[in-house]
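Worksheet for the structure shown next.
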Amino acid sequence: MNVDWLLEHSPALIIVLPLLAAFLTPIIDKFSKKARNAFVIAVLIIEEILVIFLAHDVFTNGIHIYTMGAANPTETVPAQAAVPIRIVLEVDGMSIFMALISATVSLAAAIYSLAYIEEEKGKGKFYTLLLLVLVGMLGMELTGDMFNMFVFLEVLSIACAALIAYRSHFGDSVEGAFKFLIISSIAALFVLFAIALLYAQYDLLNIAALASAINYTHLDKIALVLLIAAFAMKCGAVPMHFWTPDAYSVAPSSITAMLVAASQASLYALFRVCFTLYGVTLNLATIGAVIIIFGLLSMFVGVTMAIPQKDIKRLMAYHAISQTGYMLLGVGVGLYLLTKPEFSSYGIKAMEGGIFHIINHAMYKGLLFLTAGAIYYRLKTRNLNEMGGLGHSMKYTSIFFIIGALAIAGIPPFNGFASKLLIYEAAYKVSPILSIIAMLVSILTLASFVKVFHSAFMGPKIHDVEEVPKSMLAGMAVLTFVIILFGLFPGWVVSNIVHPAAQALADQAAYIQAVLGG
Amino acid sequence: MIYNIPFYTVVALILIGLYAMLFKRNLIKIAIGLTILESGVNLFLITLGYRKEGVAPIYTNLPSGIDVPDKMVLPVPQALTLTSIVIGVAVLALVLSITMMIYRHYGTLDSRKVRRLKE
C-alpha cells in the first residue's frame with residue numbers, strides 16, 4: 001500500500017471511506033460513545049487529508065480518471081465497446097475544489113456537533129447521516145456520470161431531510177424537513193427525466209461522452225431547461241428559494257453549515273451541466289444572461305427579505321440566498337463574456353470571482369451559522385429581540401461572529417472582499433449597473449449584520465451565560481482559520497486553487513479528451 | 001400510433017403528479033402526487049428500452065433462431081428504473097414518516113394550517 005496505489009485509487013476511496021464509516025458508526029455507538037466520537041472525527045480528518053492529497057495531484061498533473069470495476073482504473077472505454085460503459089469518476093480542478101469545501105465544512109461541523117448535540121437523543125444516527133451527507137456531496141462532485149450524479153443527489157437529499165428533522169420534538173423542524181424533501185424529490189425527478197431524455201437520444205450516460213455527442217436538438221433543449229430548473233431549485237436561487245429559509249432555520253446549526261455546502265454541490269452540478277455537458281454547442285451568451293438574471297434576482301430579493309427578519313438563522317438563510325446570487329452573477333458574467341473575444345480575459349476573471357466566492361461563502365456562512373448555533377445553545381432561542389449583551393460573557397463567539405460578518409460584507413482583509421472585488425471588476429465590463437447593484441447588496445448585507453451584532457452581542461449584560469464548550473469553539477476556529485488565511489493570501493489562493501478550477505470549467509475539450517482519449 | 005400510448009401515459013402521469021403536488025392541501029395527497037410523478041418518470045425510462053418482439057438481454061438464454069442482439073430489449077434503462085424505484089421507496093417512507101410527525105405536532109394534515117415557520 002504505497003503512495004502511488006493510494007493516489008490511483010483515491011477518488012473511489014474518498015467516496016467509499018465515509019460511506020462505510022457511516023454504517024459502522026451506529027455499531028461503534030453501541031459499545032462506547034467516546035470511541036464513536038473519536039472514530040467520526042478520525043474518519044473526517046483522514047478524508048480531509050485524502051482530498052488535499054488528491055487536490056495536490058489534480059492541480060499539478062491535471063484531470064484524474066477512475067473507472068469503477070475496471071482492471072486498470074484509467075481504462076475508461078473497454079476493449080469490446082466503443083463508448084464508456086462503466087461508471088467513471090472524473091476529477092478535474094473544479095470537482096476537487098468543491099470536494100475541498102465539502103470535506104472542510106463537514107470536519108468543522110462534526111467537531112462542533114460533539115458538544116452541540118450533547119443533550120439530544122439518537123446521536124449515533126446523527127453522525128451516520130452527517131457522513132452520508134458528505135458522501136452525497138462528494139459523490140456529486142467527483143462523478144463523471146449523469147445517473148451516478150442523480151443517485152448521489154438523492155442520497156444527499158434524503159440524508160439532509162432526515163437531519164433537518166433531527167429535533168423532531170419541535171413542530172417547525174419536521175415542517176421544514178417536509179418542504180425540503182418535497183422540493184428535493186421534485187428536483188431529483190426532473191433530473192432523472194432529463195437524463196432519460198438524453199439517454200433516449202444518445203444511449204449514453206457518461207458526461208464526457210454525452211458532451212461530445214450532443215447535437216442541441218429540441219429534446220436536448222428541454223433536458224437543459226429541466227436540469228437548470230432542478231439544480232437552481234436545489235441551490236436556492238430566486239424564484240425557487242422558498243424552502244431555503246425554512247430548512248436552514250430549523251436544522252441543527254452544524255447541519256445548516258453543511259446544508260450550505262450541499263446547496264453548493266447543486267450549484268456545481270448546474271455549472272457542470274452548462275459548461276461541460278452543453279458547453280460549445282450552447283448559445284453561451286443567452287444562457288449567461290439567464291444566469292445573470294437569476295443571480296441579480298437572488299442577490300436583491302435575498303438581502304431585502306433578510307433585513308426585516310427577527311429569527312437570527314432565518315436572517316442568515318436569506319443572506320445565503322443573496323450570496324448564491326453573487327456566485328451566479330460571477331459565473332454568468334463569465335459565460336457571457338467568454339463569447340466576446342476582446343473581453344475573454346475578463347470572462348475568466350469573472351468566473352474566478354464567482355468560484356472563489358463559492359469557497360468563501362461556504363466558510364464564512366458556515367461560521368455565521370455556527371455562531372448562531374452557539375447563541376441558541378446557551379439561550380435556547382433564535383429570536384433576536386430576546387438576545388442582548390452576549391459580548392460580555394461569550395467573548396470568543398462574538399469575535400468569530402465579527403470575523404464572519406465582516407467577511408460576508410466584503411470588508412478587507414477578510415476573504416469575502418477578494419472575491420467580491422473580482423466580481424465587481426468583471427461585471428462592470430458587461431454593464432456598470434450590475435456592479436452598482438452588487439455593491440448596493442453588499443452594503444445592505446453589512447447593515448443587516450450590524451443590526452444582528454448590535455442586538456445579540458452589544459448592550460448591558462442581561463443573560464447570565466457562559467462561553468460555549470471547547471469543541472464548538474474548535475469547530476468555529478477551523479472555519480475562521482481558513483477565512484483569515486484566504487483573506488491574507490488571496491493572490492496565492494486565486495492562482496493556485498481558483499484559477500485551475502475556473503480553467504477546468506471553461507475547458508470542455510480537455511474534460512472530454514480525458515475520458516474518450518485523443 | 002399504438003406504440004406511442006406509453007408516452008402519452010407518461011405525460012399524463014407527470015401532469016397529474018405535478019397537479020396533485022402543487023394544488024392539493026392534504027400532505028398525504030402531496031405524497032401520493034410524488035409517487036404518481038415518480039411512476040411517470042419510471043414508465044418513461046422503461047419504455048425507452050422497449051424493442052418490438054424483443055427478448056430478455058441474456059446471451060446464454062437466447063431463443064433459437066435469434067442471435068442478433070438487435071432484438072434484445074435495452075438492459076440499462078431497466079437497471080436505472082430499478083435503482084430509481086428503490087430510491088423512490090426510501091423517499092416515500094421518509095415523506096410519510098415526516099407527515100406522521102407533523103400530524104402528531106399540529107393535529108392536522110392541512111398544509112394551510114401547518115405554518116408555524118411563517119409566524
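Numbering starts fresh at 1 for the residues of each chain in the C-alpha cells, the chains themselves are lettered A, B, ... in the order given, and ligands are numbered from 1 as they appear.
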
- request: Output as an MDAnalysis selection string all residues of chain B that backbone DSSP marks as strand (DSSP E or B).
  value: chainID B and resid 26 55 72 110

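Residues lying within 9 Å of Ser111 of chain B, counting only C-alpha atoms and ignoring same-chain neighbours fewer than 2 positions away, are Lys24, Arg25, Asn26, Leu27, Thr108, Leu109, Lys113, Val114 and Arg115 of chain B.
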
message: Set the distance at 9 Å and use only C-alpha atoms: which residues neighbour Tyr318 of chain A once local chain neighbours fewer than 5 positions away are removed? I'd like the list as a list in words.
response: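 Surrounding residues, per the criterion: His241, Thr244, Pro245, Val301, Gly302, Val303, Thr304, Met305, Ala306, Ile307, Gln309, Lys313 and Gln323 of chain A.
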
Just to be explicit: take each residue in the selection above, keep all heavy atoms, and write the result as an mmCIF file, in the first residue's frame.
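Once written, selection.cif looks like this:
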```
data_model
loop_
_atom_site.group_PDB
_atom_site.id
_atom_site.type_symbol
_atom_site.label_atom_id
_atom_site.label_comp_id
_atom_site.auth_asym_id
_atom_site.auth_seq_id
_atom_site.Cartn_x
_atom_site.Cartn_y
_atom_site.Cartn_z
ATOM 1 N N HIS A 241 -36.645 29.802 -4.104
ATOM 2 C CA HIS A 241 -35.841 29.837 -2.880
ATOM 3 C C HIS A 241 -36.658 29.554 -1.634
ATOM 4 O O HIS A 241 -36.122 29.604 -0.540
ATOM 5 C CB HIS A 241 -35.228 31.225 -2.738
ATOM 6 C CG HIS A 241 -36.259 32.293 -2.557
ATOM 7 N ND1 HIS A 241 -37.032 32.719 -3.610
ATOM 8 C CD2 HIS A 241 -36.671 32.968 -1.467
ATOM 9 C CE1 HIS A 241 -37.875 33.634 -3.169
ATOM 10 N NE2 HIS A 241 -37.674 33.807 -1.884
ATOM 11 N N THR A 244 -35.434 27.439 1.310
ATOM 12 C CA THR A 244 -34.141 27.709 1.954
ATOM 13 C C THR A 244 -34.285 28.250 3.374
ATOM 14 O O THR A 244 -33.739 27.646 4.302
ATOM 15 C CB THR A 244 -33.310 28.688 1.111
ATOM 16 O OG1 THR A 244 -33.643 28.513 -0.237
ATOM 17 C CG2 THR A 244 -31.868 28.491 1.320
ATOM 18 N N PRO A 245 -34.997 29.382 3.586
ATOM 19 C CA PRO A 245 -35.070 29.880 4.957
ATOM 20 C C PRO A 245 -35.744 28.896 5.909
ATOM 21 O O PRO A 245 -35.313 28.768 7.061
ATOM 22 C CB PRO A 245 -35.880 31.173 4.837
ATOM 23 C CG PRO A 245 -36.458 31.172 3.497
ATOM 24 C CD PRO A 245 -35.659 30.282 2.638
ATOM 25 N N VAL A 301 -33.450 40.073 -3.930
ATOM 26 C CA VAL A 301 -34.574 39.569 -3.134
ATOM 27 C C VAL A 301 -34.063 39.006 -1.807
ATOM 28 O O VAL A 301 -34.634 39.272 -0.752
ATOM 29 C CB VAL A 301 -35.352 38.498 -3.927
ATOM 30 C CG1 VAL A 301 -36.417 37.858 -3.068
ATOM 31 C CG2 VAL A 301 -35.962 39.115 -5.159
ATOM 32 N N GLY A 302 -32.951 38.253 -1.872
ATOM 33 C CA GLY A 302 -32.405 37.662 -0.650
ATOM 34 C C GLY A 302 -32.121 38.714 0.395
ATOM 35 O O GLY A 302 -32.555 38.612 1.545
ATOM 36 N N VAL A 303 -31.402 39.772 0.003
ATOM 37 C CA VAL A 303 -30.966 40.731 1.009
ATOM 38 C C VAL A 303 -32.141 41.578 1.506
ATOM 39 O O VAL A 303 -32.231 41.886 2.697
ATOM 40 C CB VAL A 303 -29.791 41.585 0.483
ATOM 41 C CG1 VAL A 303 -30.252 42.741 -0.356
ATOM 42 C CG2 VAL A 303 -28.933 42.065 1.625
ATOM 43 N N THR A 304 -33.084 41.908 0.621
ATOM 44 C CA THR A 304 -34.210 42.722 1.102
ATOM 45 C C THR A 304 -35.123 41.914 2.019
ATOM 46 O O THR A 304 -35.708 42.465 2.941
ATOM 47 C CB THR A 304 -35.046 43.285 -0.071
ATOM 48 O OG1 THR A 304 -35.220 42.255 -1.018
ATOM 49 C CG2 THR A 304 -34.371 44.457 -0.712
ATOM 50 N N MET A 305 -35.229 40.595 1.763
ATOM 51 C CA MET A 305 -36.026 39.775 2.671
ATOM 52 C C MET A 305 -35.312 39.580 4.005
ATOM 53 O O MET A 305 -35.939 39.351 5.033
ATOM 54 C CB MET A 305 -36.288 38.391 2.060
ATOM 55 C CG MET A 305 -37.193 38.384 0.870
ATOM 56 S SD MET A 305 -38.867 38.836 1.283
ATOM 57 C CE MET A 305 -39.387 37.393 2.194
ATOM 58 N N ALA A 306 -33.968 39.660 3.985
ATOM 59 C CA ALA A 306 -33.215 39.386 5.212
ATOM 60 C C ALA A 306 -33.377 40.514 6.227
ATOM 61 O O ALA A 306 -33.438 40.265 7.430
ATOM 62 C CB ALA A 306 -31.742 39.192 4.877
ATOM 63 N N ILE A 307 -33.449 41.754 5.739
ATOM 64 C CA ILE A 307 -33.389 42.889 6.658
ATOM 65 C C ILE A 307 -34.493 42.863 7.726
ATOM 66 O O ILE A 307 -34.194 43.045 8.903
ATOM 67 C CB ILE A 307 -33.372 44.206 5.851
ATOM 68 C CG1 ILE A 307 -32.027 44.274 5.133
ATOM 69 C CG2 ILE A 307 -33.534 45.413 6.759
ATOM 70 C CD1 ILE A 307 -31.915 45.425 4.178
ATOM 71 N N GLN A 309 -36.054 40.346 9.099
ATOM 72 C CA GLN A 309 -36.212 39.109 9.883
ATOM 73 C C GLN A 309 -35.856 39.307 11.350
ATOM 74 O O GLN A 309 -34.935 40.041 11.677
ATOM 75 C CB GLN A 309 -35.328 37.998 9.312
ATOM 76 C CG GLN A 309 -35.647 37.603 7.896
ATOM 77 C CD GLN A 309 -37.070 37.106 7.732
ATOM 78 O OE1 GLN A 309 -37.597 36.425 8.605
ATOM 79 N NE2 GLN A 309 -37.697 37.477 6.634
ATOM 80 N N LYS A 313 -31.381 32.808 12.480
ATOM 81 C CA LYS A 313 -30.964 31.861 11.442
ATOM 82 C C LYS A 313 -31.724 32.076 10.146
ATOM 83 O O LYS A 313 -31.205 31.854 9.058
ATOM 84 C CB LYS A 313 -31.128 30.423 11.942
ATOM 85 C CG LYS A 313 -30.022 30.048 12.902
ATOM 86 C CD LYS A 313 -30.150 28.662 13.387
ATOM 87 C CE LYS A 313 -29.735 27.668 12.335
ATOM 88 N NZ LYS A 313 -29.934 26.288 12.829
ATOM 89 N N GLN A 323 -26.087 35.603 -1.247
ATOM 90 C CA GLN A 323 -24.704 35.306 -1.622
ATOM 91 C C GLN A 323 -24.636 34.329 -2.786
ATOM 92 O O GLN A 323 -23.730 34.406 -3.622
ATOM 93 C CB GLN A 323 -23.928 34.745 -0.433
ATOM 94 C CG GLN A 323 -23.844 35.688 0.743
ATOM 95 C CD GLN A 323 -23.096 36.950 0.405
ATOM 96 O OE1 GLN A 323 -22.030 36.914 -0.174
ATOM 97 N NE2 GLN A 323 -23.681 38.092 0.735
#
```

Enumerate, in order of chain and increasing residue number, the residues of chain B with an atom no farther than 8 Å from chain A, each with its shortest atom pair and distance in Å to one decimal, counting only C-alpha atoms, as CSV.
```
residue,atom,partner,partner_atom,distance
B:Leu34,CA,A:Ile186,CA,7.5
B:Leu37,CA,A:Leu189,CA,7.9
B:Glu38,CA,A:Leu189,CA,6.7
B:Val41,CA,A:Phe193,CA,5.9
B:Phe44,CA,A:Ala196,CA,7.5
B:Leu45,CA,A:Ala196,CA,6.0
B:Leu48,CA,A:Ala200,CA,6.2
B:Leu80,CA,A:Phe147,CA,7.8
B:Ile87,CA,A:Glu154,CA,7.2
B:Ala90,CA,A:Ile158,CA,8.0
B:Val91,CA,A:Ile158,CA,6.6
B:Leu94,CA,A:Ala162,CA,7.7
B:Val95,CA,A:Phe178,CA,6.7
B:Ile98,CA,A:Val174,CA,6.1
B:Thr99,CA,A:Phe178,CA,7.4
B:Met101,CA,A:Val174,CA,6.9
B:Ile102,CA,A:Val174,CA,6.2
B:His105,CA,A:Gly171,CA,5.3
B:Tyr106,CA,A:Gly171,CA,7.1
B:Val114,CA,A:Glu175,CA,7.2
B:Arg115,CA,A:Glu175,CA,7.7
B:Arg116,CA,A:Asp172,CA,6.0
B:Leu117,CA,A:Asp172,CA,6.0
```

For the selection you just gave me, I'd like the residues written to a file as a CSV table (one decimal), in the first residue's frame, keeping C-alpha atoms.
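Contents of part27.csv, freshly written:
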```
chain,number,residue,atom,x,y,z
B,34,LEU,CA,-45.0,12.5,-5.6
B,37,LEU,CA,-44.9,11.7,-10.7
B,38,GLU,CA,-42.2,9.2,-10.0
B,41,VAL,CA,-40.7,9.1,-14.9
B,44,PHE,CA,-40.7,6.7,-19.4
B,45,LEU,CA,-37.3,5.1,-18.6
B,48,LEU,CA,-37.1,3.7,-23.8
B,80,LEU,CA,-31.9,2.7,-14.0
B,87,ILE,CA,-34.7,5.4,-4.1
B,90,ALA,CA,-36.8,5.4,0.6
B,91,VAL,CA,-38.1,8.9,-0.2
B,94,LEU,CA,-39.3,9.4,4.8
B,95,VAL,CA,-42.1,11.6,3.5
B,98,ILE,CA,-42.4,13.1,8.5
B,99,THR,CA,-46.1,13.5,7.6
B,101,MET,CA,-44.7,13.6,12.9
B,102,ILE,CA,-46.4,16.7,11.5
B,105,HIS,CA,-47.4,18.1,16.4
B,106,TYR,CA,-50.1,20.0,14.6
B,114,VAL,CA,-49.1,23.7,9.1
B,115,ARG,CA,-47.3,27.0,9.1
B,116,ARG,CA,-45.6,27.7,12.4
B,117,LEU,CA,-42.5,28.8,10.5
```

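In this comparison, which uses only C-alpha atoms, the residue of B:Gly40, B:Val55, B:Lys71, B:Gly49 approaching Leu15 of chain B most closely is B:Gly40.
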
query: Excluding same-chain residues fewer than 2 positions from Ala79 of chain B, what lies within 12 Å of it counting only C-alpha atoms, as a list of chain:residue names?
result: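 Non-adjacent residues within range: A:Phe147, B:Asn42, B:Leu45, B:Ile46, B:Gly49, B:Pro57, B:Val73, B:Leu74, B:Pro75, B:Val76, B:Pro77, B:Thr81, B:Leu82, B:Thr83, B:Ser84, B:Ile85, B:Val86.
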
Deliver the residues from the most recent selection as a file, using C-alpha atoms, as a short mmCIF file (atom, residue, chain, number, x, y, z; two decimals), in the first residue's frame.
```cif
data_model
loop_
_atom_site.label_atom_id
_atom_site.label_comp_id
_atom_site.auth_asym_id
_atom_site.auth_seq_id
_atom_site.Cartn_x
_atom_site.Cartn_y
_atom_site.Cartn_z
CA PHE A 147 -27.07 8.76 -13.49
CA ASN B 42 -40.07 5.36 -14.29
CA LEU B 45 -37.35 5.08 -18.60
CA ILE B 46 -38.69 1.56 -19.06
CA GLY B 49 -35.73 0.18 -23.60
CA PRO B 57 -31.00 -9.36 -22.76
CA VAL B 73 -34.53 -5.03 -25.06
CA LEU B 74 -32.13 -2.48 -23.59
CA PRO B 75 -30.93 -3.57 -20.15
CA VAL B 76 -29.58 -0.18 -18.99
CA PRO B 77 -32.97 1.60 -18.63
CA THR B 81 -35.57 2.12 -13.26
CA LEU B 82 -34.80 -0.44 -10.59
CA THR B 83 -32.43 1.99 -8.88
CA SER B 84 -34.96 4.78 -9.18
CA ILE B 85 -37.74 2.61 -7.68
CA VAL B 86 -35.55 1.72 -4.70
#
```
